[in-house]
Amino acid sequence: MNMYEIITKKKQGLPLTAEEIGFFVSGVTDGSIPDYQTSALLMAICLRGMDDEETFLLTDAMTHSGDTLDLSAIEGIKADKHSTGGVGDKTTLVLAPMLACCGLKVAKMSGRGLGHTGGTIDKLESIPGFSTSMSDDDFIRTVREHGITVVGQTADLAPADKKLYALRDVTATIDNISLITSSIMSKKLACGADCLVLDVKTGSGAFMKTVDDARQLGRKMVDIGRRAGKKVGCVISDMNQPLGTHVGNAIEVNEAVETLRGRGSEELRHLCLVLGSVLLVNAGIAKDRAESEGMLSASLDSGRALSKFMEFVTAQGGDTSVFDGERLLPVAPLSMDVLSPADGYVSSISCADVGMASLLTGAGRETKDDVLDLSAGLIVHRKVGDRVRKGDAIATVYSSDEKKLESAAAKLLDAYEFSQEETEPLRLIHEIIM
Ligand code: URA
């Protein structure tokens, strides 16, 4: 067997066997296959596609290309959640404590932000002292003791994906459903949870621009996860505007804490209830979504989820005194309001541009090595469907640097479109795959 034959076969549109896919993934992982041959095969996959069997085999080979976590020492049902990436998506910070209050064990590895999308690990690191790395033993002990642990993904987990993703990124081979599925699901399956909910975002701020594409990806990932023996559900949620109102790092933690205090974003609360209900039903903890939403709401309304969040932050070295009483994390010292240029209604918001505006404040990364200003970001005060009057503050940007503040404010104003006609608010949940 050799790469030339494998590339030729895929170029002709023929399905690859388990042995061929295994040969490819192990060669990518140990570096024996040169990048030009890997890139050629990736392009052939993009052009000719992979069937369900090949996608499963590729995911399985990538899952086992490095370490896999054994969570069997943790009693109870282990749950995980994955978002395909969005703007203002601080869901994990609210959902994880809600799930832990309902009896699930949340053992989660998360990523950092890149480009216009944010990452949970950066957000958590804006809490003083919070540590996002620990040994496997400590990871398991912390989940056992507190019901939640969130750490950064280690390089030993699905290393084939790291190499393939880096090549896909520079060879225009990201946007293939089988490659995205194997990339996301190999990392999730290597983490070893029993139950998984996938939040597939769709819209101007997401990878998947249409609901149809998001549905296709969601269904494929659910099928692959189930074939691997996991309980997997999926929610297709809207990313045509930021989730909630706050975008950045410390700023998003503040919105999450306010939501846990019962006065944050209704939208964020709603998404957490829907994602959580899929997990609780699939885990057999609740009989249906209505019962699970009741349990999850009670965890918020009783303040138990807020206490669990504080316990989780403390367990990972974070200083919760920053949240004493009504306190929140400090934000960057300079701020500027973005003003509505006219009377009317907000008719659309380019979500990718909001993400870019946040990046311009210093809160995001253009390249992997950029250093973030964790206190920077923005708050949107008006969303699609809202009425505005000329001169209203539709958003506020925060930065430590005057120039960044100005360019972020200009970008954010560009993101908004207005209309004289009344505009319907956007629907948040497009579909649920149980
Ligand atoms: N996120 C991933 O982890 N992989 C992809 O291929 C796309 C999005």
# chains A, B, ... in the order shown; residues from 1 in each chain; ligands from 1
$ residues_around --residues "Val388 in chain A" --least-positions-apart "6" --cutoff "9 Å" --atoms "only C-alpha atoms" --output "ChimeraX atom specification"
/A:340,342-346,382,394,418
$ closest_atom_pairs --of "range 47-149 of chain A" --to "range 203-213 of chain A" --cutoff "7 Å" --atoms "only C-alpha atoms" --output "CSV"
residue,atom,partner,partner_atom,distance
A:Gly85,CA,A:Ala206,CA,6.6
A:Gly86,CA,A:Ala206,CA,5.8
A:Val87,CA,A:Gly205,CA,6.6
$ residues_near_ligand --ligand "ligand 1" --cutoff "6 Å" --atoms "only C-alpha atoms and all ligand atoms" --output "list in words"
Thr84, Ile174, Leu179, Ile180, Ser183 and Ile184 of chain A
$ select_by_dssp --residues "range 196-405 of chain A" --states "strand (DSSP E)" --output "compact mmCIF listing (two decimals) with all heavy atoms, in the first residue's frame"
# COMPACT_ATOMS: atom_id res chain seq x y z
N LEU A 196 -23.05 13.29 24.74
CA LEU A 196 -22.51 14.50 24.12
C LEU A 196 -23.64 15.29 23.48
O LEU A 196 -24.51 14.70 22.84
CB LEU A 196 -21.48 14.07 23.05
CG LEU A 196 -20.93 15.14 22.11
CD1 LEU A 196 -20.08 16.16 22.88
CD2 LEU A 196 -20.06 14.49 21.02
N VAL A 197 -23.63 16.61 23.69
CA VAL A 197 -24.55 17.44 22.91
C VAL A 197 -23.72 18.37 22.04
O VAL A 197 -22.73 18.97 22.49
CB VAL A 197 -25.55 18.21 23.81
CG1 VAL A 197 -24.89 19.26 24.69
CG2 VAL A 197 -26.63 18.87 22.95
N LEU A 198 -24.12 18.44 20.76
CA LEU A 198 -23.41 19.26 19.80
C LEU A 198 -24.24 20.51 19.52
O LEU A 198 -25.43 20.39 19.21
CB LEU A 198 -23.22 18.49 18.49
CG LEU A 198 -22.43 17.19 18.63
CD1 LEU A 198 -22.71 16.25 17.46
CD2 LEU A 198 -20.94 17.50 18.71
N ASP A 199 -23.63 21.67 19.67
CA ASP A 199 -24.32 22.92 19.34
C ASP A 199 -23.75 23.37 18.00
O ASP A 199 -22.65 23.94 17.92
CB ASP A 199 -24.03 23.95 20.45
CG ASP A 199 -24.74 25.27 20.23
OD1 ASP A 199 -25.53 25.37 19.26
OD2 ASP A 199 -24.50 26.21 21.02
N VAL A 200 -24.48 23.05 16.93
CA VAL A 200 -24.01 23.41 15.59
C VAL A 200 -24.59 24.78 15.24
O VAL A 200 -25.80 24.95 15.15
CB VAL A 200 -24.41 22.35 14.54
CG1 VAL A 200 -23.95 22.77 13.15
CG2 VAL A 200 -23.79 21.00 14.89
N LYS A 201 -23.69 25.74 15.09
CA LYS A 201 -24.12 27.11 14.84
C LYS A 201 -24.33 27.33 13.35
O LYS A 201 -23.58 26.80 12.53
CB LYS A 201 -23.03 28.09 15.31
CG LYS A 201 -22.61 27.91 16.76
CD LYS A 201 -23.66 28.46 17.68
CE LYS A 201 -23.18 28.53 19.11
NZ LYS A 201 -24.32 28.80 20.01
N THR A 202 -25.30 28.17 13.04
CA THR A 202 -25.51 28.51 11.64
C THR A 202 -25.75 30.01 11.49
O THR A 202 -26.36 30.62 12.36
CB THR A 202 -26.71 27.72 11.05
OG1 THR A 202 -26.88 28.09 9.69
CG2 THR A 202 -28.00 27.99 11.79
N LYS A 231 -24.08 8.41 23.43
CA LYS A 231 -25.42 9.03 23.31
C LYS A 231 -25.19 10.46 22.84
O LYS A 231 -24.60 11.27 23.58
CB LYS A 231 -26.09 9.06 24.67
CG LYS A 231 -26.27 7.68 25.30
CD LYS A 231 -27.74 7.42 25.37
CE LYS A 231 -28.14 6.30 26.24
NZ LYS A 231 -28.01 5.00 26.08
N VAL A 232 -25.60 10.73 21.63
CA VAL A 232 -25.30 12.05 21.05
C VAL A 232 -26.57 12.73 20.56
O VAL A 232 -27.42 12.10 19.92
CB VAL A 232 -24.32 11.92 19.86
CG1 VAL A 232 -23.85 13.30 19.41
CG2 VAL A 232 -23.12 11.07 20.22
N GLY A 233 -26.73 13.99 20.90
CA GLY A 233 -27.82 14.81 20.38
C GLY A 233 -27.24 16.09 19.82
O GLY A 233 -26.05 16.40 20.03
N CYS A 234 -28.07 16.85 19.12
CA CYS A 234 -27.55 18.05 18.47
C CYS A 234 -28.61 19.15 18.45
O CYS A 234 -29.81 18.86 18.31
CB CYS A 234 -27.16 17.65 17.04
SG CYS A 234 -26.73 19.02 15.99
N VAL A 235 -28.17 20.37 18.63
CA VAL A 235 -29.05 21.53 18.52
C VAL A 235 -28.47 22.44 17.45
O VAL A 235 -27.27 22.74 17.47
CB VAL A 235 -29.12 22.28 19.88
CG1 VAL A 235 -29.95 23.55 19.75
CG2 VAL A 235 -29.70 21.37 20.97
N ILE A 236 -29.31 22.83 16.49
CA ILE A 236 -28.85 23.79 15.47
C ILE A 236 -29.28 25.16 15.97
O ILE A 236 -30.49 25.43 16.07
CB ILE A 236 -29.50 23.52 14.11
CG1 ILE A 236 -29.45 22.02 13.79
CG2 ILE A 236 -28.91 24.42 13.02
CD1 ILE A 236 -28.51 21.54 12.83
N SER A 237 -28.33 26.01 16.31
CA SER A 237 -28.70 27.30 16.89
C SER A 237 -28.15 28.45 16.04
O SER A 237 -27.18 28.30 15.31
CB SER A 237 -28.24 27.40 18.34
OG SER A 237 -26.85 27.51 18.43
N ASP A 238 -28.82 29.59 16.19
CA ASP A 238 -28.56 30.71 15.28
C ASP A 238 -27.32 31.50 15.67
O ASP A 238 -27.08 31.78 16.85
CB ASP A 238 -29.76 31.65 15.29
CG ASP A 238 -29.72 32.57 14.09
OD1 ASP A 238 -30.00 32.09 12.98
OD2 ASP A 238 -29.38 33.75 14.25
N HIS A 246 -22.78 40.14 25.39
CA HIS A 246 -21.37 40.46 25.69
C HIS A 246 -20.43 39.61 24.83
O HIS A 246 -20.64 38.41 24.67
CB HIS A 246 -21.06 40.16 27.16
CG HIS A 246 -21.78 41.05 28.15
ND1 HIS A 246 -23.08 41.44 28.01
CD2 HIS A 246 -21.34 41.61 29.31
CE1 HIS A 246 -23.44 42.21 29.02
NE2 HIS A 246 -22.39 42.34 29.83
N VAL A 247 -19.37 40.26 24.31
CA VAL A 247 -18.39 39.55 23.47
C VAL A 247 -16.99 39.93 23.94
O VAL A 247 -16.66 41.12 24.02
CB VAL A 247 -18.55 39.92 21.98
CG1 VAL A 247 -17.60 39.10 21.12
CG2 VAL A 247 -20.00 39.72 21.51
N GLY A 248 -16.18 38.94 24.26
CA GLY A 248 -14.82 39.20 24.73
C GLY A 248 -14.43 38.04 25.63
O GLY A 248 -14.81 36.90 25.34
N LEU A 334 -10.86 51.98 28.85
CA LEU A 334 -11.40 52.94 27.88
C LEU A 334 -12.67 52.37 27.25
O LEU A 334 -12.72 51.17 26.93
CB LEU A 334 -10.38 53.21 26.77
CG LEU A 334 -9.01 53.69 27.25
CD1 LEU A 334 -8.06 53.83 26.05
CD2 LEU A 334 -9.13 55.02 27.98
N SER A 335 -13.66 53.21 27.07
CA SER A 335 -14.88 52.72 26.43
C SER A 335 -15.42 53.77 25.46
O SER A 335 -15.12 54.97 25.59
CB SER A 335 -15.93 52.37 27.47
OG SER A 335 -16.40 53.53 28.10
N MET A 336 -16.17 53.30 24.47
CA MET A 336 -16.76 54.22 23.49
C MET A 336 -18.12 53.65 23.05
O MET A 336 -18.22 52.46 22.73
CB MET A 336 -15.83 54.32 22.27
CG MET A 336 -16.31 55.31 21.23
SD MET A 336 -15.22 55.30 19.78
CE MET A 336 -13.84 56.22 20.39
N ASP A 337 -19.14 54.49 23.07
CA ASP A 337 -20.46 54.05 22.59
C ASP A 337 -20.50 54.12 21.07
O ASP A 337 -19.93 55.04 20.46
CB ASP A 337 -21.57 54.95 23.15
CG ASP A 337 -21.83 54.65 24.62
OD1 ASP A 337 -21.48 53.54 25.09
OD2 ASP A 337 -22.38 55.54 25.31
N VAL A 338 -21.20 53.17 20.47
CA VAL A 338 -21.47 53.20 19.03
C VAL A 338 -22.91 53.68 18.90
O VAL A 338 -23.82 53.10 19.51
CB VAL A 338 -21.31 51.78 18.43
CG1 VAL A 338 -21.66 51.78 16.94
CG2 VAL A 338 -19.90 51.26 18.67
N LEU A 339 -23.11 54.76 18.12
CA LEU A 339 -24.43 55.41 18.09
C LEU A 339 -25.20 55.07 16.82
O LEU A 339 -24.62 54.97 15.73
CB LEU A 339 -24.25 56.93 18.18
CG LEU A 339 -23.43 57.43 19.39
CD1 LEU A 339 -23.35 58.95 19.38
CD2 LEU A 339 -24.00 56.93 20.72
N GLY A 344 -35.24 53.88 13.31
CA GLY A 344 -35.69 52.70 12.57
C GLY A 344 -35.58 51.44 13.40
O GLY A 344 -35.75 51.48 14.63
N TYR A 345 -35.29 50.35 12.70
CA TYR A 345 -35.16 49.04 13.36
C TYR A 345 -33.83 48.42 12.93
O TYR A 345 -33.38 48.64 11.80
CB TYR A 345 -36.29 48.10 12.92
CG TYR A 345 -37.64 48.59 13.37
CD1 TYR A 345 -38.35 49.51 12.60
CD2 TYR A 345 -38.18 48.17 14.59
CE1 TYR A 345 -39.58 49.99 13.01
CE2 TYR A 345 -39.41 48.65 15.01
CZ TYR A 345 -40.11 49.56 14.22
OH TYR A 345 -41.31 50.04 14.64
N VAL A 346 -33.24 47.62 13.82
CA VAL A 346 -32.04 46.87 13.42
C VAL A 346 -32.52 45.73 12.53
O VAL A 346 -33.31 44.89 12.97
CB VAL A 346 -31.28 46.32 14.65
CG1 VAL A 346 -30.07 45.50 14.20
CG2 VAL A 346 -30.85 47.44 15.58
N SER A 347 -32.08 45.73 11.26
CA SER A 347 -32.57 44.69 10.34
C SER A 347 -31.59 43.53 10.22
O SER A 347 -32.00 42.41 9.94
CB SER A 347 -32.85 45.28 8.96
OG SER A 347 -31.68 45.88 8.46
N SER A 348 -30.29 43.77 10.42
CA SER A 348 -29.33 42.65 10.45
C SER A 348 -28.05 43.10 11.13
O SER A 348 -27.77 44.31 11.23
CB SER A 348 -29.04 42.12 9.04
OG SER A 348 -28.17 42.99 8.37
N ILE A 349 -27.32 42.11 11.63
CA ILE A 349 -26.01 42.37 12.23
C ILE A 349 -25.06 41.34 11.65
O ILE A 349 -25.34 40.13 11.73
CB ILE A 349 -26.04 42.21 13.77
CG1 ILE A 349 -27.08 43.14 14.41
CG2 ILE A 349 -24.67 42.45 14.39
CD1 ILE A 349 -27.23 42.98 15.92
N GLY A 377 -13.27 44.02 24.92
CA GLY A 377 -14.43 43.39 24.29
C GLY A 377 -15.52 44.40 24.00
O GLY A 377 -15.24 45.60 23.87
N LEU A 378 -16.73 43.91 23.92
CA LEU A 378 -17.83 44.83 23.60
C LEU A 378 -19.16 44.29 24.14
O LEU A 378 -19.28 43.11 24.47
CB LEU A 378 -17.92 45.02 22.08
CG LEU A 378 -18.10 43.76 21.22
CD1 LEU A 378 -19.59 43.48 20.96
CD2 LEU A 378 -17.39 43.94 19.88
N ILE A 379 -20.11 45.21 24.23
CA ILE A 379 -21.48 44.84 24.64
C ILE A 379 -22.44 45.41 23.59
O ILE A 379 -22.33 46.60 23.25
CB ILE A 379 -21.82 45.41 26.04
CG1 ILE A 379 -20.85 44.86 27.09
CG2 ILE A 379 -23.27 45.07 26.42
CD1 ILE A 379 -21.07 45.39 28.50
N VAL A 380 -23.31 44.55 23.06
CA VAL A 380 -24.32 45.08 22.13
C VAL A 380 -25.60 45.37 22.92
O VAL A 380 -26.03 44.57 23.73
CB VAL A 380 -24.59 44.14 20.93
CG1 VAL A 380 -23.35 43.93 20.09
CG2 VAL A 380 -25.13 42.79 21.37
N ARG A 387 -36.03 48.38 18.05
CA ARG A 387 -36.26 49.74 17.55
C ARG A 387 -35.11 50.63 18.01
O ARG A 387 -34.61 50.46 19.14
CB ARG A 387 -37.57 50.21 18.17
CG ARG A 387 -37.96 51.54 17.76
CD ARG A 387 -39.44 51.62 17.51
NE ARG A 387 -39.62 52.84 16.74
CZ ARG A 387 -40.65 53.61 16.91
NH1 ARG A 387 -41.60 53.28 17.74
NH2 ARG A 387 -40.75 54.71 16.20
N VAL A 388 -34.68 51.53 17.17
CA VAL A 388 -33.62 52.48 17.57
C VAL A 388 -34.02 53.90 17.17
O VAL A 388 -34.78 54.11 16.22
CB VAL A 388 -32.25 52.17 16.90
CG1 VAL A 388 -31.62 50.93 17.48
CG2 VAL A 388 -32.37 52.05 15.39
N ALA A 393 -27.26 54.64 21.89
CA ALA A 393 -26.07 53.77 21.96
C ALA A 393 -26.51 52.35 21.61
O ALA A 393 -27.29 51.74 22.36
CB ALA A 393 -25.46 53.81 23.36
N ILE A 394 -26.07 51.85 20.45
CA ILE A 394 -26.46 50.49 20.06
C ILE A 394 -25.46 49.46 20.58
O ILE A 394 -25.77 48.28 20.65
CB ILE A 394 -26.62 50.35 18.52
CG1 ILE A 394 -25.39 50.88 17.79
CG2 ILE A 394 -27.87 51.06 18.05
CD1 ILE A 394 -25.43 50.63 16.29
N ALA A 395 -24.27 49.93 20.93
CA ALA A 395 -23.24 49.02 21.46
C ALA A 395 -22.18 49.87 22.15
O ALA A 395 -22.11 51.09 21.95
CB ALA A 395 -22.60 48.23 20.31
N THR A 396 -21.36 49.20 22.99
CA THR A 396 -20.23 49.89 23.63
C THR A 396 -19.00 49.01 23.47
O THR A 396 -19.09 47.78 23.67
CB THR A 396 -20.50 50.12 25.14
OG1 THR A 396 -21.76 50.79 25.28
CG2 THR A 396 -19.41 50.96 25.79
N VAL A 397 -17.89 49.62 23.07
CA VAL A 397 -16.64 48.85 22.96
C VAL A 397 -15.71 49.23 24.12
O VAL A 397 -15.73 50.37 24.60
CB VAL A 397 -15.92 49.06 21.61
CG1 VAL A 397 -16.67 48.42 20.48
CG2 VAL A 397 -15.70 50.53 21.31
N TYR A 398 -14.91 48.26 24.56
CA TYR A 398 -13.98 48.46 25.67
C TYR A 398 -12.58 48.02 25.24
O TYR A 398 -12.43 46.94 24.67
CB TYR A 398 -14.40 47.60 26.88
CG TYR A 398 -15.76 47.95 27.43
CD1 TYR A 398 -16.91 47.38 26.88
CD2 TYR A 398 -15.90 48.86 28.48
CE1 TYR A 398 -18.16 47.70 27.37
CE2 TYR A 398 -17.16 49.19 28.96
CZ TYR A 398 -18.28 48.61 28.41
OH TYR A 398 -19.52 48.95 28.88
N SER A 399 -11.59 48.87 25.51
CA SER A 399 -10.22 48.48 25.16
C SER A 399 -9.25 49.22 26.08
O SER A 399 -9.63 50.16 26.78
CB SER A 399 -9.92 48.81 23.70
OG SER A 399 -8.63 48.39 23.34
$ closest_atom_pairs --of "range 213-234 of chain A" --to "range 48-63 of chain A" --cutoff "12 Å" --atoms "only C-alpha atoms" --output "Markdown table"
| residue | atom | partner | partner_atom | distance |
| --- | --- | --- | --- | --- |
| A:Leu217 | CA | A:Thr55 | CA | 11.9 |
| A:Arg219 | CA | A:Asp52 | CA | 11.0 |
| A:Lys220 | CA | A:Asp52 | CA | 7.9 |
| A:Met221 | CA | A:Phe56 | CA | 9.5 |
| A:Val222 | CA | A:Phe56 | CA | 11.1 |
| A:Asp223 | CA | A:Asp52 | CA | 8.7 |
| A:Ile224 | CA | A:Phe56 | CA | 5.8 |
| A:Gly225 | CA | A:Phe56 | CA | 8.8 |
| A:Arg226 | CA | A:Phe56 | CA | 10.3 |
| A:Arg227 | CA | A:Phe56 | CA | 7.9 |
| A:Ala228 | CA | A:Asp60 | CA | 8.1 |
| A:Gly229 | CA | A:Asp60 | CA | 11.7 |
$ atom_distance --atom1 "CA of Ala357 in chain A" --atom2 "CA of Arg327 in chain A"
26.2 Å
$ closest_atom_pairs --of "range 38-149 of chain A" --to "range 252-275 of chain A" --cutoff "12 Å" --atoms "only C-alpha atoms" --output "JSON lines"
{"residue": "A:Ala79", "atom": "CA", "partner": "A:Leu275", "partner_atom": "CA", "distance": 11.5}
{"residue": "A:Asp80", "atom": "CA", "partner": "A:Leu275", "partner_atom": "CA", "distance": 10.7}
{"residue": "A:Lys81", "atom": "CA", "partner": "A:Leu275", "partner_atom": "CA", "distance": 8.4}
{"residue": "A:His82", "atom": "CA", "partner": "A:Leu275", "partner_atom": "CA", "distance": 10.1}
{"residue": "A:Ser83", "atom": "CA", "partner": "A:Leu275", "partner_atom": "CA", "distance": 10.4}
{"residue": "A:Val87", "atom": "CA", "partner": "A:Glu252", "partner_atom": "CA", "distance": 10.2}
{"residue": "A:Gly88", "atom": "CA", "partner": "A:Glu252", "partner_atom": "CA", "distance": 6.8}
{"residue": "A:Asp89", "atom": "CA", "partner": "A:Glu252", "partner_atom": "CA", "distance": 8.1}
{"residue": "A:Lys90", "atom": "CA", "partner": "A:Glu252", "partner_atom": "CA", "distance": 6.2}
{"residue": "A:Thr91", "atom": "CA", "partner": "A:Cys272", "partner_atom": "CA", "distance": 6.4}
{"residue": "A:Thr92", "atom": "CA", "partner": "A:Cys272", "partner_atom": "CA", "distance": 8.3}
{"residue": "A:Leu93", "atom": "CA", "partner": "A:Ala256", "partner_atom": "CA", "distance": 6.2}
{"residue": "A:Val94", "atom": "CA", "partner": "A:Ala256", "partner_atom": "CA", "distance": 5.8}
{"residue": "A:Leu95", "atom": "CA", "partner": "A:Cys272", "partner_atom": "CA", "distance": 5.4}
{"residue": "A:Ala96", "atom": "CA", "partner": "A:Cys272", "partner_atom": "CA", "distance": 9.1}
{"residue": "A:Pro97", "atom": "CA", "partner": "A:Leu260", "partner_atom": "CA", "distance": 9.1}
{"residue": "A:Met98", "atom": "CA", "partner": "A:Cys272", "partner_atom": "CA", "distance": 8.5}
{"residue": "A:Leu99", "atom": "CA", "partner": "A:Cys272", "partner_atom": "CA", "distance": 9.5}
{"residue": "A:Cys102", "atom": "CA", "partner": "A:Leu273", "partner_atom": "CA", "distance": 12.0}
{"residue": "A:Gly118", "atom": "CA", "partner": "A:Glu252", "partner_atom": "CA", "distance": 9.8}
{"residue": "A:Gly119", "atom": "CA", "partner": "A:Glu252", "partner_atom": "CA", "distance": 10.7}
{"residue": "A:Thr120", "atom": "CA", "partner": "A:Val253", "partner_atom": "CA", "distance": 9.5}
{"residue": "A:Ile121", "atom": "CA", "partner": "A:Val253", "partner_atom": "CA", "distance": 11.1}
{"residue": "A:Asp122", "atom": "CA", "partner": "A:Val253", "partner_atom": "CA", "distance": 10.2}
{"residue": "A:Lys123", "atom": "CA", "partner": "A:Val253", "partner_atom": "CA", "distance": 6.4}
{"residue": "A:Leu124", "atom": "CA", "partner": "A:Val253", "partner_atom": "CA", "distance": 7.4}
{"residue": "A:Glu125", "atom": "CA", "partner": "A:Val253", "partner_atom": "CA", "distance": 9.9}
{"residue": "A:Ser126", "atom": "CA", "partner": "A:Val253", "partner_atom": "CA", "distance": 8.0}
{"residue": "A:Ile127", "atom": "CA", "partner": "A:Val253", "partner_atom": "CA", "distance": 8.2}
{"residue": "A:Pro128", "atom": "CA", "partner": "A:Val253", "partner_atom": "CA", "distance": 11.9}
$ write_last_selection --atoms "N, CA, C and O atoms" --output "CSV table (one decimal), in the first residue's frame"
chain,number,residue,atom,x,y,z
A,79,ALA,N,-20.7,13.7,30.9
A,79,ALA,CA,-21.3,14.5,29.8
A,79,ALA,C,-20.3,15.5,29.2
A,79,ALA,O,-19.4,16.0,29.9
A,80,ASP,N,-20.5,15.8,27.9
A,80,ASP,CA,-19.6,16.8,27.3
A,80,ASP,C,-20.5,17.6,26.3
A,80,ASP,O,-21.6,17.1,25.9
A,81,LYS,N,-20.0,18.7,25.9
A,81,LYS,CA,-20.8,19.6,25.0
A,81,LYS,C,-19.8,20.2,24.0
A,81,LYS,O,-18.6,20.5,24.4
A,82,HIS,N,-20.2,20.3,22.8
A,82,HIS,CA,-19.3,21.0,21.8
A,82,HIS,C,-20.0,22.0,21.0
A,82,HIS,O,-21.2,21.7,20.5
A,83,SER,N,-19.4,23.2,20.9
A,83,SER,CA,-20.0,24.2,20.0
A,83,SER,C,-19.1,24.3,18.8
A,83,SER,O,-17.9,24.3,18.9
A,87,VAL,N,-19.8,33.7,18.2
A,87,VAL,CA,-19.5,35.0,18.7
A,87,VAL,C,-20.3,35.2,20.0
A,87,VAL,O,-21.5,35.1,19.9
A,88,GLY,N,-19.7,35.5,21.1
A,88,GLY,CA,-20.4,35.7,22.4
A,88,GLY,C,-20.9,34.4,23.0
A,88,GLY,O,-21.8,34.4,23.8
A,89,ASP,N,-20.3,33.2,22.6
A,89,ASP,CA,-20.8,31.9,23.0
A,89,ASP,C,-20.2,31.5,24.3
A,89,ASP,O,-19.1,30.9,24.3
A,90,LYS,N,-20.8,31.9,25.4
A,90,LYS,CA,-20.3,31.6,26.8
A,90,LYS,C,-21.1,30.5,27.4
A,90,LYS,O,-21.2,30.4,28.6
A,91,THR,N,-21.8,29.7,26.6
A,91,THR,CA,-22.7,28.7,27.1
A,91,THR,C,-22.1,27.8,28.1
A,91,THR,O,-22.8,27.5,29.1
A,92,THR,N,-20.9,27.3,27.8
A,92,THR,CA,-20.3,26.3,28.8
A,92,THR,C,-20.3,26.8,30.2
A,92,THR,O,-20.5,26.0,31.1
A,93,LEU,N,-20.0,28.1,30.4
A,93,LEU,CA,-19.8,28.6,31.7
A,93,LEU,C,-21.1,28.6,32.5
A,93,LEU,O,-21.1,28.5,33.7
A,94,VAL,N,-22.3,28.6,31.8
A,94,VAL,CA,-23.6,28.6,32.5
A,94,VAL,C,-24.1,27.1,32.5
A,94,VAL,O,-24.6,26.6,33.6
A,95,LEU,N,-23.9,26.4,31.4
A,95,LEU,CA,-24.5,25.1,31.3
A,95,LEU,C,-23.8,24.1,32.2
A,95,LEU,O,-24.5,23.2,32.8
A,96,ALA,N,-22.5,24.1,32.2
A,96,ALA,CA,-21.7,23.1,33.0
A,96,ALA,C,-22.2,23.0,34.4
A,96,ALA,O,-22.5,21.9,34.9
A,97,PRO,N,-22.3,24.2,35.2
A,97,PRO,CA,-22.8,24.0,36.5
A,97,PRO,C,-24.2,23.6,36.6
A,97,PRO,O,-24.6,22.9,37.5
A,98,MET,N,-25.1,24.0,35.6
A,98,MET,CA,-26.5,23.5,35.7
A,98,MET,C,-26.5,22.0,35.6
A,98,MET,O,-27.3,21.3,36.3
A,99,LEU,N,-25.7,21.4,34.6
A,99,LEU,CA,-25.7,20.0,34.4
A,99,LEU,C,-25.2,19.3,35.7
A,99,LEU,O,-25.7,18.2,36.1
A,102,CYS,N,-27.7,18.8,38.2
A,102,CYS,CA,-28.7,17.8,37.9
A,102,CYS,C,-28.1,16.4,37.8
A,102,CYS,O,-28.8,15.4,37.4
A,118,GLY,N,-14.6,33.1,19.7
A,118,GLY,CA,-13.9,33.1,21.0
A,118,GLY,C,-13.7,31.6,21.5
A,118,GLY,O,-14.3,30.7,20.9
A,119,GLY,N,-13.0,31.4,22.5
A,119,GLY,CA,-12.7,30.1,23.1
A,119,GLY,C,-12.9,30.1,24.6
A,119,GLY,O,-12.6,31.1,25.3
A,120,THR,N,-13.5,29.0,25.1
A,120,THR,CA,-13.9,29.0,26.5
A,120,THR,C,-12.6,29.1,27.4
A,120,THR,O,-12.7,29.7,28.5
A,121,ILE,N,-11.5,28.5,27.0
A,121,ILE,CA,-10.3,28.5,27.8
A,121,ILE,C,-9.8,30.0,28.0
A,121,ILE,O,-9.5,30.3,29.2
A,122,ASP,N,-9.8,30.8,27.0
A,122,ASP,CA,-9.4,32.2,27.2
A,122,ASP,C,-10.4,32.9,28.2
A,122,ASP,O,-9.9,33.7,29.0
A,123,LYS,N,-11.7,32.6,28.1
A,123,LYS,CA,-12.6,33.3,29.0
A,123,LYS,C,-12.4,32.9,30.4
A,123,LYS,O,-12.3,33.7,31.3
A,124,LEU,N,-12.1,31.6,30.6
A,124,LEU,CA,-11.9,31.1,32.0
A,124,LEU,C,-10.6,31.7,32.6
A,124,LEU,O,-10.5,32.0,33.7
A,125,GLU,N,-9.6,31.9,31.7
A,125,GLU,CA,-8.3,32.4,32.2
A,125,GLU,C,-8.4,33.9,32.5
A,125,GLU,O,-7.5,34.5,33.1
A,126,SER,N,-9.5,34.5,32.2
A,126,SER,CA,-9.7,35.9,32.6
A,126,SER,C,-10.1,36.0,34.1
A,126,SER,O,-10.1,37.1,34.7
A,127,ILE,N,-10.4,34.9,34.7
A,127,ILE,CA,-10.6,34.9,36.2
A,127,ILE,C,-9.3,34.7,36.9
A,127,ILE,O,-8.6,33.7,36.6
A,128,PRO,N,-8.9,35.6,37.8
A,128,PRO,CA,-7.6,35.6,38.4
A,128,PRO,C,-7.3,34.2,39.0
A,128,PRO,O,-8.2,33.7,39.8
$ closest_residue --among "A:Asp156, A:Glu75, A:Asp324, A:Glu20" --to "Gly103 in chain A" --atoms "only C-alpha atoms"
A:Glu75
$ select_by_dssp --residues "range 85-222 of chain A" --states "helix (DSSP H, G or I)" --output "PyMOL selection string"
chain A and resi 91-101+120-125+136-146+159-170+177-190+211-222
$ closest_residue --among "A:Thr117, A:Gly391, A:Met434, A:Ile77" --to "Arg289 in chain A" --atoms "only C-alpha atoms"
A:Met434
$ closest_residue --among "A:Cys46, A:Phe130, A:Ile177, A:Gly355" --to "Met310 in chain A" --atoms "only C-alpha atoms"
A:Phe130
$ atom_distance --atom1 "CA of Gln420 in chain A" --atom2 "CA of Met356 in chain A"
26.7 Å
